[in-house]
Amino acid sequence: RSLRLVGQHAQKQQCREMSSSIGGPQRKVTILGAAGGIGQPLGLLMKLNPLVTHLSLYDIGGTPGVAADLSHINTPAEVAGFAGDADLGKALEGSDIVIIPAGVPRKPGMTRDDLFNINAGIVKALATAIAQHCPEAIVNMISNPVNSTVPIAAEVFKKAGTYDPRKLFGVTTLDVVRARTFYAAKQGLNVKDVDVPVVGGHAGVTILPLFSQATPKKPLEGEKLDALTKRTQDGGTEVVKAKDGKGSATLSMAYAGALFAEACLKGLNGQKGIVECTYVQSSIIPELPFFSSKVRLGTNGVEEILGLGEINEYEQKALEALKGELSASIQKGVDFVHQSW
Ligand code: NAI
């Protein structure tokens with residue numbers, strides 16, 4: 001009897017999910033780099049998301065297989081796979097959200113900036129195609145170095161006359177996910193209850209977790225604070241070392257990318273009170289044209305960029321210290337587009 005009840009419960013749950021998807025707006029999510037280490041688990045998570053009605057998977061190769069595999073999962077999202085340049089337009093057409101984890105990941109000893117030369121060109125080409133085929137889509141940039149790839153996409157969109165700063169996001173959610181996990185463990189808290197805003201950028205010292213605003217609040221200072229800040233900043237490097245030459249964070253990144261894409265979908269669908277930390281065009285730090293902070297999401301992407309709130313002396317110092325590197329990374333992205341046009 002209990003097995004039958006479990007079955008009935010699962011069926012009801014599935015019906016609920018299907019009706020929310022069928023009853024809700026049609027939403028097409030496209031992943032560029034969908035056959036990669038991040039792209040595959042991210043595709044899985046988006047296939048499981050009831051807000052997604054169409055899932056488009058693009059890569060230079062391998063996507064027909066990934067798409068066939070995911071398409072057998074009995075959730076409503078229709079899956080289509082596209083491979084190679086000639087198919088890129090079809091993959092993008094009609095997209096509401098384009099998520100970009102295309103490019104090469106780090107190997108031990110590399111910084112995110114070391115990826116610049118390869119990934120900058122890939123992002124430029126993909127942004128050019130987005131401007132042509134789905135200029136109104138929301139773009140979630142995962143490809144590193146995010147501090148530069150977001151300005152690259154912005155410059156490409158400006159040149160194409162399609163730039164809407166409300167719709168271009170650097171995905172920094174993994175920094176928030178890590179800060180929550182590490183803070184909860186260190187403070188003996190239930191991770192489900194924890195939140196930690198992370199601002200700045202997405203590389204080394206430009207990642208600034210605001211532990212003074214962490215909730216639930218528990219005193220944190222001195223060496224313990226230093227260690228948590230550093231571990232959050234170096235979380236990516238911790239994974240790169242552990243994978244020993246086989247890439248960087250993929251599973252936790254897919255989780256973080258799915259969280260952020262879902263927040264964008266909820267905003268698009270008119271749900272209120274959706275706030276996420278993300279790297280966007282911003283004026284809250286006048287000398288940094290792109291900056292990550294809490295952003296309220298709405299039907300057109302960014303609805304409001306929220307300020308930093310009250311930060312303590314430790315965080316103020318770290319904020320001053322990150323400005324030089326972040327500013328240089330932004331400029332490097334802008335220069336790349338101008339020099340290579
Ligand atoms: P991967 O090498 O496993 O996958 C990348 C995929 O991109 C491959 O399937 C490749 O064929 C594809 N690709 C290459 N050029 C392409 C093009 N022109 N169009 C479409 N697809 C193309 O790498 P992984 O581990 O999935 O990482 C991808 C990117 O995400 C890297 O740049 C990495 O640094 C970044 N990343 C970002 C994080 C963040 O927090 N924002 C965290 C972890 C990684």
# chains A, B, ... in the order shown; residues from 1 in each chain; ligands from 1
call {"tool": "residues_near_ligand", "arguments": {"ligand": "ligand 1", "cutoff": "6 Å", "atoms": "only C-alpha atoms and all ligand atoms", "output": "list in words"}}
result
Leu32, Gly33, Ala35, Gly36, Gly37, Ile38, Gly39, Asp59, Ile60, Pro101, Ala102, Gly103, Val104, Pro105, Arg106, Ile122, Ile142, Ser143, Asn144, Val171, Thr172, Leu174, Gly247, Ser248, Ala249, Thr250 and Met253 of chain A
call {"tool": "closest_atom_pairs", "arguments": {"of": "segment 226-304 of chain A", "to": "segment 112-117 of chain A", "cutoff": "12 Å", "atoms": "only C-alpha atoms", "output": "Markdown table"}}
result
| residue | atom | partner | partner_atom | distance |
| --- | --- | --- | --- | --- |
| A:Asp234 | CA | A:Arg112 | CA | 11.4 |
| A:Gly236 | CA | A:Arg112 | CA | 9.5 |
| A:Thr237 | CA | A:Arg112 | CA | 9.5 |
| A:Val240 | CA | A:Arg112 | CA | 11.0 |
| A:Ser248 | CA | A:Arg112 | CA | 10.4 |
call {"tool": "write_last_selection", "arguments": {"atoms": "C-alpha atoms", "output": "PDB file, in the first residue's frame"}}
result
ATOM      1  CA  ASP A 234      40.383  30.101  -4.083  1.00  0.00           C
ATOM      2  CA  GLY A 236      37.952  27.237  -8.046  1.00  0.00           C
ATOM      3  CA  THR A 237      41.675  26.592  -7.665  1.00  0.00           C
ATOM      4  CA  VAL A 240      41.421  22.559 -10.387  1.00  0.00           C
ATOM      5  CA  SER A 248      37.853  22.876 -13.283  1.00  0.00           C
TER       6      SER A 248
END
call {"tool": "atom_distance", "arguments": {"atom1": "atom CA of Leu319 of chain A", "atom2": "atom CA of Gly222 of chain A"}}
result
17.6 Å
call {"tool": "atom_distance", "arguments": {"atom1": "atom CA of Thr149 of chain A", "atom2": "atom CA of Lys266 of chain A"}}
result
24.9 Å
call {"tool": "closest_residue", "arguments": {"among": "A:Ile285, A:Leu189, A:Leu51, A:Ile73", "to": "Lys217 of chain A", "atoms": "only C-alpha atoms"}}
result
A:Leu189
call {"tool": "atom_distance", "arguments": {"atom1": "atom CA of Val177 of chain A", "atom2": "atom CA of Ala256 of chain A"}}
result
6.8 Å
call {"tool": "select_by_dssp", "arguments": {"residues": "segment 73-226 of chain A", "states": "helix (DSSP H, G or I)", "output": "NGL selection string"}}
result
:A and (85-92 or 112-133 or 146-160 or 165-167 or 173-187 or 191-193 or 204-206 or 211-213 or 222-226)
call {"tool": "closest_residue", "arguments": {"among": "A:Leu48, A:Leu225, A:Val196, A:Leu259", "to": "Asn140 of chain A", "atoms": "only C-alpha atoms"}}
result
A:Leu259
call {"tool": "residues_around", "arguments": {"residues": "Ser282 of chain A", "least_positions_apart": "5", "cutoff": "7 Å", "atoms": "only C-alpha atoms", "output": "MDAnalysis selection string"}}
result
chainID A and resid 289:291
call {"tool": "closest_residue", "arguments": {"among": "A:Val239, A:Ala214, A:Ile138, A:Ala83", "to": "Gly109 of chain A", "atoms": "only C-alpha atoms"}}
result
A:Val239
call {"tool": "closest_atom_pairs", "arguments": {"of": "segment 41-101 of chain A", "to": "segment 128-133 of chain A", "cutoff": "12 Å", "atoms": "only C-alpha atoms", "output": "tab-separated table"}}
result
residue	atom	partner	partner_atom	distance
A:Asp85	CA	A:Ala129	CA	9.7
A:Ala86	CA	A:Ala129	CA	11.1
A:Asp87	CA	A:Ala129	CA	10.9
A:Leu88	CA	A:Ala129	CA	7.4
A:Gly89	CA	A:His133	CA	5.8
A:Lys90	CA	A:His133	CA	8.1
A:Ala91	CA	A:His133	CA	9.0
A:Leu92	CA	A:His133	CA	6.0
A:Glu93	CA	A:His133	CA	5.4
A:Gly94	CA	A:His133	CA	7.8
A:Ser95	CA	A:His133	CA	8.8
A:Asp96	CA	A:Ile130	CA	11.1
A:Ile97	CA	A:Ile130	CA	10.5
A:Val98	CA	A:Ile130	CA	8.3
A:Ile99	CA	A:Ile130	CA	11.0
A:Ile100	CA	A:Ile130	CA	10.8
call {"tool": "write_last_selection", "arguments": {"atoms": "N, CA and C atoms", "output": "compact mmCIF listing (two decimals), in the first residue's frame"}}
result
# COMPACT_ATOMS: atom_id res chain seq x y z
N ASP A 85 28.98 25.38 -36.68
CA ASP A 85 28.63 26.76 -37.07
C ASP A 85 27.32 26.90 -37.83
N ALA A 86 27.13 25.98 -38.80
CA ALA A 86 25.97 26.11 -39.68
C ALA A 86 24.66 26.01 -38.91
N ASP A 87 24.69 25.38 -37.74
CA ASP A 87 23.48 25.16 -36.95
C ASP A 87 23.29 26.20 -35.84
N LEU A 88 24.26 27.08 -35.67
CA LEU A 88 24.23 27.99 -34.51
C LEU A 88 22.99 28.90 -34.54
N GLY A 89 22.66 29.42 -35.71
CA GLY A 89 21.49 30.30 -35.83
C GLY A 89 20.21 29.59 -35.41
N LYS A 90 20.05 28.35 -35.88
CA LYS A 90 18.84 27.57 -35.54
C LYS A 90 18.79 27.30 -34.03
N ALA A 91 19.97 27.03 -33.46
CA ALA A 91 20.01 26.77 -32.01
C ALA A 91 19.55 28.00 -31.23
N LEU A 92 19.91 29.18 -31.71
CA LEU A 92 19.66 30.42 -30.94
C LEU A 92 18.28 31.02 -31.16
N GLU A 93 17.74 30.83 -32.35
CA GLU A 93 16.47 31.48 -32.71
C GLU A 93 15.39 31.30 -31.65
N GLY A 94 14.80 32.40 -31.22
CA GLY A 94 13.67 32.32 -30.28
C GLY A 94 14.07 32.09 -28.83
N SER A 95 15.37 32.17 -28.52
CA SER A 95 15.81 31.90 -27.14
C SER A 95 15.37 33.01 -26.19
N ASP A 96 14.93 32.62 -25.01
CA ASP A 96 14.68 33.60 -23.94
C ASP A 96 15.94 33.79 -23.11
N ILE A 97 16.66 32.69 -22.90
CA ILE A 97 17.91 32.75 -22.13
C ILE A 97 18.97 31.95 -22.87
N VAL A 98 20.15 32.54 -23.02
CA VAL A 98 21.29 31.82 -23.59
C VAL A 98 22.35 31.71 -22.49
N ILE A 99 22.73 30.48 -22.18
CA ILE A 99 23.75 30.26 -21.15
C ILE A 99 25.04 29.84 -21.87
N ILE A 100 26.16 30.49 -21.52
CA ILE A 100 27.41 30.22 -22.26
C ILE A 100 28.51 29.63 -21.37
call {"tool": "closest_residue", "arguments": {"among": "A:Val295, A:Ile274, A:Ala261, A:Val176", "to": "Gln233 of chain A", "atoms": "only C-alpha atoms"}}
result
A:Val176
call {"tool": "closest_residue", "arguments": {"among": "A:Arg180, A:Lys224, A:Lys272, A:His338", "to": "Gly298 of chain A", "atoms": "only C-alpha atoms"}}
result
A:Lys272
call {"tool": "closest_residue", "arguments": {"among": "A:Gln213, A:Ser327, A:Ser148, A:Thr299", "to": "Gln271 of chain A", "atoms": "only C-alpha atoms"}}
result
A:Thr299
call {"tool": "residues_around", "arguments": {"residues": "Tyr279 of chain A", "least_positions_apart": "5", "cutoff": "6 Å", "atoms": "only C-alpha atoms", "output": "VMD selection string"}}
result
chain A and resid 169 to 170 291 to 292
call {"tool": "select_by_dssp", "arguments": {"residues": "segment 90-246 of chain A", "states": "strand (DSSP E)", "output": "PDB file with N, CA and C atoms, in the first residue's frame"}}
result
ATOM      1  N   ILE A  97      16.656  32.688 -22.898  1.00  0.00           N
ATOM      2  CA  ILE A  97      17.907  32.751 -22.134  1.00  0.00           C
ATOM      3  C   ILE A  97      18.974  31.951 -22.871  1.00  0.00           C
ATOM      4  N   VAL A  98      20.153  32.544 -23.018  1.00  0.00           N
ATOM      5  CA  VAL A  98      21.290  31.816 -23.593  1.00  0.00           C
ATOM      6  C   VAL A  98      22.353  31.709 -22.488  1.00  0.00           C
ATOM      7  N   ILE A  99      22.731  30.482 -22.185  1.00  0.00           N
ATOM      8  CA  ILE A  99      23.754  30.260 -21.151  1.00  0.00           C
ATOM      9  C   ILE A  99      25.043  29.842 -21.870  1.00  0.00           C
ATOM     10  N   ILE A 100      26.163  30.489 -21.522  1.00  0.00           N
ATOM     11  CA  ILE A 100      27.414  30.225 -22.258  1.00  0.00           C
ATOM     12  C   ILE A 100      28.510  29.629 -21.373  1.00  0.00           C
ATOM     13  N   ILE A 138      18.185  37.027 -22.815  1.00  0.00           N
ATOM     14  CA  ILE A 138      19.025  37.234 -21.634  1.00  0.00           C
ATOM     15  C   ILE A 138      20.247  36.336 -21.788  1.00  0.00           C
ATOM     16  N   VAL A 139      21.438  36.866 -21.506  1.00  0.00           N
ATOM     17  CA  VAL A 139      22.665  36.081 -21.659  1.00  0.00           C
ATOM     18  C   VAL A 139      23.296  35.847 -20.282  1.00  0.00           C
ATOM     19  N   ASN A 140      23.547  34.588 -19.979  1.00  0.00           N
ATOM     20  CA  ASN A 140      24.226  34.202 -18.729  1.00  0.00           C
ATOM     21  C   ASN A 140      25.637  33.728 -19.092  1.00  0.00           C
ATOM     22  N   MET A 141      26.637  34.554 -18.810  1.00  0.00           N
ATOM     23  CA  MET A 141      28.022  34.226 -19.195  1.00  0.00           C
ATOM     24  C   MET A 141      28.717  33.427 -18.092  1.00  0.00           C
ATOM     25  N   LEU A 168      22.485  41.290 -19.796  1.00  0.00           N
ATOM     26  CA  LEU A 168      23.786  40.605 -19.859  1.00  0.00           C
ATOM     27  C   LEU A 168      24.316  40.383 -18.440  1.00  0.00           C
ATOM     28  N   PHE A 169      24.543  39.121 -18.094  1.00  0.00           N
ATOM     29  CA  PHE A 169      24.930  38.751 -16.732  1.00  0.00           C
ATOM     30  C   PHE A 169      26.183  37.868 -16.722  1.00  0.00           C
ATOM     31  N   GLY A 170      27.123  38.192 -15.855  1.00  0.00           N
ATOM     32  CA  GLY A 170      28.210  37.265 -15.565  1.00  0.00           C
ATOM     33  C   GLY A 170      27.747  36.391 -14.406  1.00  0.00           C
ATOM     34  N   VAL A 198      28.057  37.836  -2.212  1.00  0.00           N
ATOM     35  CA  VAL A 198      29.433  37.931  -2.711  1.00  0.00           C
ATOM     36  C   VAL A 198      29.435  38.996  -3.805  1.00  0.00           C
ATOM     37  N   VAL A 199      30.329  39.966  -3.684  1.00  0.00           N
ATOM     38  CA  VAL A 199      30.347  41.086  -4.640  1.00  0.00           C
ATOM     39  C   VAL A 199      31.709  41.175  -5.324  1.00  0.00           C
ATOM     40  N   GLY A 200      31.839  42.134  -6.236  1.00  0.00           N
ATOM     41  CA  GLY A 200      33.132  42.379  -6.904  1.00  0.00           C
ATOM     42  C   GLY A 200      33.176  41.781  -8.288  1.00  0.00           C
ATOM     43  N   ILE A 207      36.972  38.494  -5.978  1.00  0.00           N
ATOM     44  CA  ILE A 207      35.801  37.856  -5.355  1.00  0.00           C
ATOM     45  C   ILE A 207      35.750  38.316  -3.894  1.00  0.00           C
ATOM     46  N   LEU A 208      34.699  39.049  -3.531  1.00  0.00           N
ATOM     47  CA  LEU A 208      34.634  39.599  -2.176  1.00  0.00           C
ATOM     48  C   LEU A 208      33.368  39.133  -1.448  1.00  0.00           C
ATOM     49  N   PRO A 209      33.512  38.068  -0.633  1.00  0.00           N
ATOM     50  CA  PRO A 209      32.362  37.623   0.153  1.00  0.00           C
ATOM     51  C   PRO A 209      32.111  38.595   1.308  1.00  0.00           C
TER      52      PRO A 209
END
